[in-house]
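What's in start-v4.csv: CSV, C-alpha atoms
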```
chain,number,residue,atom,x,y,z
A,1,MET,CA,-27.1,2.7,11.1
A,2,ASN,CA,-28.6,1.4,14.4
A,3,SER,CA,-25.3,0.0,15.6
A,4,LEU,CA,-23.6,3.3,15.0
A,5,ILE,CA,-26.3,5.1,17.0
A,6,ARG,CA,-26.0,2.5,19.8
A,7,SER,CA,-22.2,2.9,19.8
A,8,THR,CA,-22.6,6.7,19.8
A,9,GLY,CA,-24.8,6.4,22.9
A,10,ARG,CA,-22.2,4.3,24.6
A,11,CYS,CA,-19.5,6.8,23.8
A,12,LEU,CA,-21.5,9.7,25.2
A,13,ARG,CA,-22.3,7.8,28.4
A,14,SER,CA,-18.7,6.8,28.9
A,15,GLY,CA,-17.6,10.4,28.4
A,16,ALA,CA,-15.3,9.4,25.5
A,17,ALA,CA,-14.9,11.7,22.5
A,18,ALA,CA,-18.2,12.5,20.8
A,19,CYS,CA,-19.2,10.2,17.9
A,20,LEU,CA,-20.3,12.0,14.8
A,21,LEU,CA,-23.5,10.6,13.2
A,22,ARG,CA,-23.8,9.9,9.6
A,23,THR,CA,-25.7,12.1,7.3
A,24,ALA,CA,-29.3,11.2,6.4
A,25,ASP,CA,-28.3,9.3,3.3
A,26,GLY,CA,-26.0,7.1,5.3
A,27,ARG,CA,-22.9,8.5,3.8
A,28,VAL,CA,-20.0,9.8,5.9
A,29,GLY,CA,-18.6,12.9,4.2
A,30,ALA,CA,-15.0,12.7,3.1
A,31,ALA,CA,-13.9,15.4,5.5
A,32,SER,CA,-15.7,14.2,8.6
A,33,ALA,CA,-14.2,12.2,11.4
A,34,ARG,CA,-15.5,9.0,13.0
A,35,PHE,CA,-14.7,8.2,16.7
A,36,LEU,CA,-15.6,4.7,17.8
A,37,CYS,CA,-15.3,3.3,21.2
A,38,SER,CA,-14.1,-0.3,20.9
A,39,ALA,CA,-12.1,-2.3,18.4
A,40,ALA,CA,-15.0,-4.7,18.0
A,41,ASP,CA,-17.3,-1.8,17.0
A,42,VAL,CA,-14.7,-0.6,14.5
A,43,GLN,CA,-14.6,-4.1,12.9
A,44,LYS,CA,-18.4,-4.4,12.8
A,45,ASP,CA,-18.8,-0.9,11.3
A,46,LEU,CA,-16.1,-1.5,8.8
A,47,GLY,CA,-18.0,-4.6,7.6
A,48,GLU,CA,-20.9,-2.3,6.9
A,49,LEU,CA,-18.8,0.7,5.6
A,50,VAL,CA,-17.1,-1.2,2.9
A,51,LYS,CA,-20.4,-2.3,1.4
A,52,LYS,CA,-22.0,1.2,1.5
A,53,ASP,CA,-20.7,2.2,-1.9
A,54,LYS,CA,-19.5,0.5,-5.1
A,55,VAL,CA,-16.1,2.1,-4.5
A,56,VAL,CA,-14.7,2.7,-1.0
A,57,VAL,CA,-11.3,4.1,-0.3
A,58,PHE,CA,-9.5,4.4,3.0
A,59,MET,CA,-6.8,7.0,2.5
A,60,LYS,CA,-4.7,9.7,4.1
A,61,GLY,CA,-6.4,13.0,3.5
A,62,THR,CA,-9.3,13.5,1.3
A,63,PRO,CA,-9.8,13.2,-2.5
A,64,ALA,CA,-9.8,17.0,-2.6
A,65,GLN,CA,-6.7,17.2,-0.5
A,66,PRO,CA,-4.7,14.0,-0.3
A,67,MET,CA,-1.9,13.9,2.4
A,68,CYS,CA,0.1,11.1,0.9
A,69,GLY,CA,1.6,10.4,-2.5
A,70,PHE,CA,0.3,6.8,-2.6
A,71,SER,CA,-3.2,7.9,-1.5
A,72,ASN,CA,-3.1,10.7,-4.1
A,73,ALA,CA,-2.2,8.1,-6.8
A,74,VAL,CA,-5.3,6.1,-6.0
A,75,VAL,CA,-7.4,9.3,-6.3
A,76,GLN,CA,-5.8,10.3,-9.6
A,77,ILE,CA,-6.2,6.8,-11.1
A,78,LEU,CA,-9.9,6.7,-10.2
A,79,ARG,CA,-10.3,10.2,-11.5
A,80,MET,CA,-8.7,9.2,-14.9
A,81,HIS,CA,-11.4,6.6,-15.2
A,82,GLY,CA,-14.1,9.1,-14.4
A,83,VAL,CA,-14.7,7.8,-10.9
A,84,ASP,CA,-15.2,10.9,-8.8
A,85,GLN,CA,-18.2,9.8,-6.6
A,86,TYR,CA,-17.1,7.3,-4.0
A,87,SER,CA,-16.9,6.9,-0.3
A,88,SER,CA,-13.6,7.9,1.1
A,89,TYR,CA,-12.4,7.8,4.7
A,90,ASN,CA,-9.5,9.8,6.0
A,91,VAL,CA,-7.6,7.6,8.4
A,92,LEU,CA,-5.5,10.5,9.6
A,93,GLU,CA,-8.6,11.8,11.4
A,94,ASP,CA,-9.3,8.6,13.3
A,95,GLN,CA,-6.6,6.5,14.8
A,96,GLU,CA,-9.0,3.7,15.6
A,97,LEU,CA,-10.2,3.6,12.0
A,98,ARG,CA,-6.6,3.6,10.8
A,99,GLU,CA,-5.6,0.6,12.9
A,100,GLY,CA,-9.0,-1.1,12.5
A,101,VAL,CA,-9.0,-1.1,8.7
A,102,LYS,CA,-5.5,-2.7,8.7
A,103,VAL,CA,-6.9,-5.5,10.9
A,104,PHE,CA,-10.1,-5.7,8.9
A,105,SER,CA,-8.4,-6.0,5.6
A,106,ASN,CA,-5.4,-7.9,6.9
A,107,TRP,CA,-3.3,-5.4,5.0
A,108,PRO,CA,-0.6,-3.3,6.7
A,109,THR,CA,-0.7,-0.1,4.7
A,110,ILE,CA,-2.9,2.8,3.5
A,111,PRO,CA,-4.4,3.5,1.0
A,112,GLN,CA,-6.9,0.6,0.7
A,113,VAL,CA,-9.5,0.2,-2.0
A,114,TYR,CA,-12.7,-1.8,-1.9
A,115,PHE,CA,-14.9,-2.6,-4.9
A,116,ASN,CA,-18.4,-3.9,-4.0
A,117,GLY,CA,-17.3,-4.7,-0.5
A,118,GLU,CA,-14.4,-6.7,-1.6
A,119,PHE,CA,-10.8,-5.7,-0.9
A,120,VAL,CA,-8.9,-4.9,-4.1
A,121,GLY,CA,-5.6,-3.8,-2.8
A,122,GLY,CA,-3.5,-0.7,-2.3
A,123,CYS,CA,-1.9,1.8,-4.7
A,124,ASP,CA,0.5,-0.7,-6.4
A,125,ILE,CA,-2.3,-3.1,-7.3
A,126,LEU,CA,-4.7,-0.3,-8.5
A,127,LEU,CA,-1.9,1.1,-10.6
A,128,GLN,CA,-1.1,-2.2,-12.2
A,129,MET,CA,-4.7,-2.9,-12.8
A,130,HIS,CA,-4.9,0.5,-14.5
A,131,GLN,CA,-1.8,-0.2,-16.6
A,132,ASN,CA,-2.9,-3.7,-17.7
A,133,GLY,CA,-6.5,-2.8,-18.5
A,134,ASP,CA,-8.0,-4.8,-15.7
A,135,LEU,CA,-9.4,-1.8,-14.0
A,136,VAL,CA,-11.7,-0.9,-16.9
A,137,ASP,CA,-13.0,-4.5,-16.6
A,138,GLU,CA,-13.5,-4.4,-12.9
A,139,LEU,CA,-15.3,-1.1,-13.0
A,140,LYS,CA,-17.5,-2.5,-15.7
A,141,LYS,CA,-18.5,-5.3,-13.3
A,142,LEU,CA,-19.5,-2.6,-10.8
A,143,GLY,CA,-21.7,-1.0,-13.5
A,144,ILE,CA,-19.3,1.9,-14.0
A,145,ARG,CA,-18.2,2.7,-17.5
A,146,SER,CA,-14.6,3.9,-17.4
A,147,ALA,CA,-14.1,7.4,-18.9
A,148,LEU,CA,-11.0,6.0,-20.7
A,149,LEU,CA,-13.3,4.0,-23.0
A,150,ASP,CA,-15.0,7.1,-24.1
A,151,ALA,CA,-11.6,8.8,-24.6
A,152,GLU,CA,-10.5,5.9,-26.7
A,153,LYS,CA,-13.7,6.1,-28.7
A,154,GLU,CA,-13.2,9.8,-29.4
A,155,SER,CA,-9.6,9.3,-30.6
A,156,LYS,CA,-10.6,6.7,-33.2
B,1,MET,CA,25.9,-20.0,-3.0
B,2,LEU,CA,23.1,-21.1,-5.3
B,3,PRO,CA,23.7,-20.1,-9.0
B,4,SER,CA,20.4,-18.1,-9.1
B,5,VAL,CA,21.3,-16.2,-5.9
B,6,SER,CA,24.8,-15.4,-7.0
B,7,ARG,CA,23.4,-14.3,-10.4
B,8,SER,CA,20.8,-12.0,-8.8
B,9,THR,CA,23.4,-10.7,-6.4
B,10,ARG,CA,25.7,-9.8,-9.4
B,11,LEU,CA,22.8,-8.3,-11.2
B,12,LEU,CA,21.8,-6.3,-8.2
B,13,SER,CA,25.4,-5.1,-7.6
B,14,ALA,CA,25.6,-4.1,-11.2
B,15,ARG,CA,22.4,-2.2,-11.1
B,16,LEU,CA,23.3,-0.5,-7.8
B,17,SER,CA,26.7,0.5,-9.3
B,18,ALA,CA,24.9,2.1,-12.2
B,19,SER,CA,22.5,4.0,-10.0
B,20,ARG,CA,24.9,5.0,-7.2
B,21,PRO,CA,28.4,6.1,-8.3
B,22,LEU,CA,30.1,5.0,-5.1
B,23,ALA,CA,28.3,1.7,-4.8
B,24,HIS,CA,31.1,-0.3,-6.3
B,25,PHE,CA,33.2,0.4,-3.1
B,26,ARG,CA,30.6,-1.7,-1.3
B,27,THR,CA,30.6,-5.4,-1.9
B,28,HIS,CA,27.7,-7.7,-1.2
B,29,MET,CA,29.7,-9.0,1.7
B,30,ASP,CA,29.4,-5.5,3.5
B,31,PRO,CA,27.7,-6.1,6.8
B,32,ASP,CA,25.3,-3.3,6.1
B,33,SER,CA,25.4,-2.5,9.8
B,34,ASN,CA,24.0,1.0,9.1
B,35,ARG,CA,21.2,-0.4,7.0
B,36,PRO,CA,19.8,-3.1,9.2
B,37,VAL,CA,16.2,-3.0,8.0
B,38,GLU,CA,17.1,-3.0,4.4
B,39,THR,CA,19.4,-6.0,5.0
B,40,THR,CA,16.7,-7.9,6.9
B,41,ILE,CA,14.1,-7.2,4.1
B,42,ARG,CA,16.6,-8.5,1.5
B,43,THR,CA,17.4,-11.6,3.6
B,44,LYS,CA,13.8,-12.5,4.3
B,45,LEU,CA,12.6,-12.0,0.7
B,46,THR,CA,15.5,-14.1,-0.6
B,47,GLU,CA,14.8,-16.9,1.8
B,48,ARG,CA,11.0,-16.9,1.3
B,49,PHE,CA,10.8,-16.5,-2.5
B,50,LYS,CA,14.2,-17.7,-3.8
B,51,PRO,CA,13.9,-14.9,-6.4
B,52,ASP,CA,15.4,-14.8,-9.8
B,53,PHE,CA,15.8,-11.1,-9.3
B,54,LEU,CA,15.4,-8.9,-6.2
B,55,GLU,CA,15.6,-5.2,-5.6
B,56,VAL,CA,15.1,-3.5,-2.3
B,57,HIS,CA,15.2,0.3,-2.3
B,58,ASN,CA,15.0,2.5,0.8
B,59,GLU,CA,12.9,5.4,-0.4
B,60,SER,CA,12.7,7.1,3.0
B,61,HIS,CA,14.7,10.1,1.7
B,62,MET,CA,11.8,10.8,-0.7
B,63,HIS,CA,9.5,11.3,2.3
B,64,ALA,CA,9.0,13.7,5.2
B,65,VAL,CA,11.2,11.7,7.6
B,66,PRO,CA,14.7,12.5,9.0
B,67,PRO,CA,17.8,11.5,6.9
B,68,GLY,CA,19.0,8.0,7.6
B,69,SER,CA,15.5,6.7,8.2
B,70,GLU,CA,14.5,3.2,7.1
B,71,SER,CA,10.7,3.7,7.0
B,72,HIS,CA,9.7,3.7,3.4
B,73,PHE,CA,10.7,0.9,1.0
B,74,ARG,CA,10.1,-0.3,-2.6
B,75,VAL,CA,10.7,-3.9,-3.4
B,76,LEU,CA,10.7,-5.8,-6.6
B,77,VAL,CA,10.6,-9.6,-6.4
B,78,VAL,CA,10.8,-11.8,-9.4
B,79,SER,CA,10.0,-15.3,-8.6
B,80,SER,CA,8.4,-18.3,-10.2
B,81,GLN,CA,6.5,-18.8,-6.9
B,82,PHE,CA,4.1,-16.1,-8.0
B,83,ALA,CA,3.0,-18.1,-11.1
B,84,GLY,CA,-0.8,-18.5,-11.2
B,85,LEU,CA,-1.3,-16.1,-8.3
B,86,PRO,CA,-3.4,-13.0,-8.6
B,87,LEU,CA,-1.7,-9.7,-7.6
B,88,ILE,CA,-3.4,-9.5,-4.3
B,89,GLN,CA,-2.2,-12.9,-3.3
B,90,ARG,CA,1.3,-12.1,-4.3
B,91,HIS,CA,1.3,-8.9,-2.3
B,92,ARG,CA,-0.2,-10.7,0.7
B,93,LEU,CA,2.7,-13.2,0.6
B,94,VAL,CA,5.3,-10.4,0.5
B,95,ASN,CA,3.4,-8.6,3.4
B,96,GLU,CA,3.5,-11.9,5.3
B,97,ALA,CA,7.2,-12.4,4.8
B,98,LEU,CA,7.8,-8.9,6.1
B,99,LYS,CA,5.2,-8.9,8.8
B,100,GLU,CA,7.6,-8.1,11.6
B,101,GLU,CA,9.1,-5.1,9.8
B,102,LEU,CA,5.7,-3.8,8.8
B,103,SER,CA,4.4,-3.9,12.3
B,104,SER,CA,7.5,-2.2,13.8
B,105,CYS,CA,9.6,0.2,11.7
B,106,VAL,CA,8.4,0.0,8.1
B,107,HIS,CA,5.7,2.5,7.4
B,108,ALA,CA,5.3,2.2,3.6
B,109,LEU,CA,6.1,-0.7,1.3
B,110,ALA,CA,5.7,-0.5,-2.4
B,111,ILE,CA,5.6,-3.9,-4.0
B,112,GLN,CA,6.2,-5.3,-7.5
B,113,ALA,CA,5.8,-9.1,-7.6
B,114,LYS,CA,6.4,-10.6,-11.0
B,115,THR,CA,7.0,-14.0,-12.5
B,116,PRO,CA,10.2,-14.4,-14.5
B,117,GLU,CA,8.2,-14.3,-17.7
B,118,GLN,CA,6.5,-11.1,-16.7
B,119,TRP,CA,9.8,-9.5,-15.8
B,120,GLY,CA,11.3,-10.6,-19.1
B,121,MET,CA,8.4,-8.8,-20.9
B,122,ASP,CA,8.7,-5.7,-18.9
B,123,PRO,CA,11.9,-5.3,-16.9
B,124,THR,CA,11.2,-1.9,-15.4
B,125,LEU,CA,11.2,-0.8,-11.8
B,126,GLY,CA,8.1,1.1,-10.8
B,127,LYS,CA,8.4,4.7,-9.5
B,128,SER,CA,6.9,5.9,-6.3
B,129,PRO,CA,4.6,8.9,-6.5
B,130,PRO,CA,5.9,12.2,-5.0
B,131,CYS,CA,5.5,12.6,-1.3
B,132,MET,CA,2.7,14.8,-0.1
B,133,GLY,CA,4.2,15.3,3.3
B,134,GLY,CA,1.7,13.1,5.2
B,135,SER,CA,4.4,11.5,7.4
B,136,LYS,CA,5.4,14.9,8.9
B,137,GLY,CA,3.9,15.2,12.4
B,138,ASP,CA,2.2,11.8,12.1
B,139,HIS,CA,2.8,10.2,15.4
B,140,THR,CA,2.3,6.7,14.0
B,141,VAL,CA,5.3,7.3,11.7
B,142,GLU,CA,7.3,8.8,14.6
B,143,GLU,CA,6.7,5.7,16.6
B,144,LYS,CA,7.9,3.6,13.7
B,145,LEU,CA,11.0,5.7,13.3
B,146,LYS,CA,11.7,5.2,17.0
B,147,ALA,CA,11.3,1.5,16.6
B,148,GLY,CA,13.7,1.5,13.7
B,149,ARG,CA,16.3,3.4,15.8
B,150,GLU,CA,16.2,0.9,18.7
```

Would you encode the structure as structure tokens?
Amino acid sequence: MNSLIRSTGRCLRSGAAACLLRTADGRVGAASARFLCSAADVQKDLGELVKKDKVVVFMKGTPAQPMCGFSNAVVQILRMHGVDQYSSYNVLEDQELREGVKVFSNWPTIPQVYFNGEFVGGCDILLQMHQNGDLVDELKKLGIRSALLDAEKESK
Amino acid sequence: MLPSVSRSTRLLSARLSASRPLAHFRTHMDPDSNRPVETTIRTKLTERFKPDFLEVHNESHMHAVPPGSESHFRVLVVSSQFAGLPLIQRHRLVNEALKEELSSCVHALAIQAKTPEQWGMDPTLGKSPPCMGGSKGDHTVEEKLKAGRE
């Protein structure tokens, strides 16, 4: 939090685009933008961002309004497992974030999914994990019970 | 030509013929001069992974980009080199092989990376989700399209 406030101060002093502060609970809302001043700041903040929540998604658009079919697929898969509360960041609103996350993850495309601060992959990997049952297990490790387990139970 | 490459080329030609009615007029010796990115992707993946089976699909027409674009691709690579590797490692290897294309003209790359055994158990090509128009008006995509044209 402090580093973001410091970088916000730098932005305002240099006359660059205003940086928006986080909300009190440290969460950046899905619809808000983040403007950061230097590539190094982006990398440092990403290091913190990806650990802020059990599930973190960098996507195009928002979970309520995805702007890309692959990003939408990630949202839908998570929703199928009952995962609706997670941190998501709209890269279309922040070009530095968009480029920065590709460098941070060493991954060339969006969407990007993190579980407990660890990079999981993009849409293809999440889909395959969903299809082969691995996603249920990975969510369990995060302390999240997949909704599909309950659905399975009900059908028996 | 190595037996495995000629076999995959025949398989690929057969599959292309089935999916595109006029494809049999094109042989695999066609210079593909109007599909340079697709050709490069196919060449690089073949050289890197010596695949048993390879499919490279230009899916740009499914997205909000001009006709004739080579910006959105789906690849299926079946190679024993993926044995023992988790999905993320496999995808990173494919990304690495196509690093140049991904940093210039390719905006989206859907990947399926299977071992021959996995392919044998489930020989289906994945399907990309419907476009939601995000590429339209996206200046990053416009730059990539420009890079592809040059």

Residues proximal to (10.4, -11.4, -12.4) were defined as those with any atom within 8 Å of that point in the file's coordinates, counting all atoms listed in the file. Which are they, as a PyMOL selection string? chain B and resi 51-53+77-80+113-120+123

At a cut-off of 6 Å, can you tabulate as CSV every residue of chain A near chain B together with its closest atom pair and the distance in Å to one decimal, using all atoms listed in the file and ordering rows by chain then number?
```
residue,atom,partner,partner_atom,distance
A:Met67,CA,B:Gly134,CA,4.6
A:Cys68,CA,B:Met132,CA,4.6
A:Gly69,CA,B:Cys131,CA,4.6
```

One decimal place gives the atom CA of Gly133 of chain A-atom CA of Ser146 of chain A separation as 10.6 Å

From the list A:Ala64, A:Gly47, A:Gln128, A:Gly121, the nearest residue to Gln85 of chain A using all atoms listed in the file is A:Ala64

Using atom CA of Glu118 of chain A and atom CA of Val50 of chain A as the two end points, give the distance in Å to one decimal.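 Those two atoms sit 7.6 Å apart.
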
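Residues of protein, DNA or RNA having at least one counted atom within 7 Å of (-0.7, 5.4, -2.3), given all atoms listed in the file, are Cys68, Gly69, Phe70, Ser71, Asn72, Ala73, Val74, Ile110, Pro111, Gly122 and Cys123 of chain A.
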
Taking 3 positions as the minimum chain separation for residues in the same chain, which residues sit within 12 Å of segment 56-58 of chain B when counting only C-alpha atoms? Answer as number ranges by chain. B: 9, 12-13, 15-16, 19-20, 35-46, 53, 61-63, 67-78, 106-112, 125-128

For atom CA of Gly100 of chain A and atom CA of Val57 of chain A, quote the distance in Å rounded to one decimal. 14.0 Å

Using all atoms listed in the file, which of B:Leu85, B:Val94, B:Val65, B:Met121 sits nearest Lys146 of chain B?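 With all atoms listed in the file as the atom set, the closest residue is B:Val65.
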
Compile the contact shell of Phe58 of chain A as a compact mmCIF listing (two decimals) with C-alpha atoms, in the coordinates of the input: residues with an atom at most 10 Å away, counting all atoms listed in the file, same-chain residues fewer than 6 positions apart removed.
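Writing done, so here's part-v4.txt:
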```txt
# COMPACT_ATOMS: atom_id res chain seq x y z
CA ALA A 30 -15.00 12.70 3.10
CA VAL A 50 -17.10 -1.20 2.90
CA SER A 71 -3.20 7.90 -1.50
CA SER A 87 -16.90 6.90 -0.30
CA SER A 88 -13.60 7.90 1.10
CA TYR A 89 -12.40 7.80 4.70
CA ASN A 90 -9.50 9.80 6.00
CA VAL A 91 -7.60 7.60 8.40
CA LEU A 92 -5.50 10.50 9.60
CA LEU A 97 -10.20 3.60 12.00
CA ARG A 98 -6.60 3.60 10.80
CA VAL A 101 -9.00 -1.10 8.70
CA LYS A 102 -5.50 -2.70 8.70
CA ILE A 110 -2.90 2.80 3.50
CA PRO A 111 -4.40 3.50 1.00
CA GLN A 112 -6.90 0.60 0.70
CA VAL A 113 -9.50 0.20 -2.00
CA TYR A 114 -12.70 -1.80 -1.90
CA GLY A 122 -3.50 -0.70 -2.30
```

I'd like to know which of A:Val75, A:Glu93, A:Phe104, A:Phe115 is closest to Lys51 of chain A, using all atoms listed in the file.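 Going through A:Val75, A:Glu93, A:Phe104, A:Phe115 one by one, the smallest distance to Lys51 of chain A is for A:Phe115.
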
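When only C-alpha atoms are used to measure the gap to Val103 of chain A, the shortest distance among A:Met59, A:Val136, A:Met80, A:Leu46 belongs to A:Leu46.
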
Compare A:Glu48, A:Glu99, A:Lys60, A:Val83 by their minimum atom-to-atom distance to Arg145 of chain A, counting all atoms listed in the file, and give me the closest one.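 Among the listed residues, A:Val83 lies closest to Arg145 of chain A.
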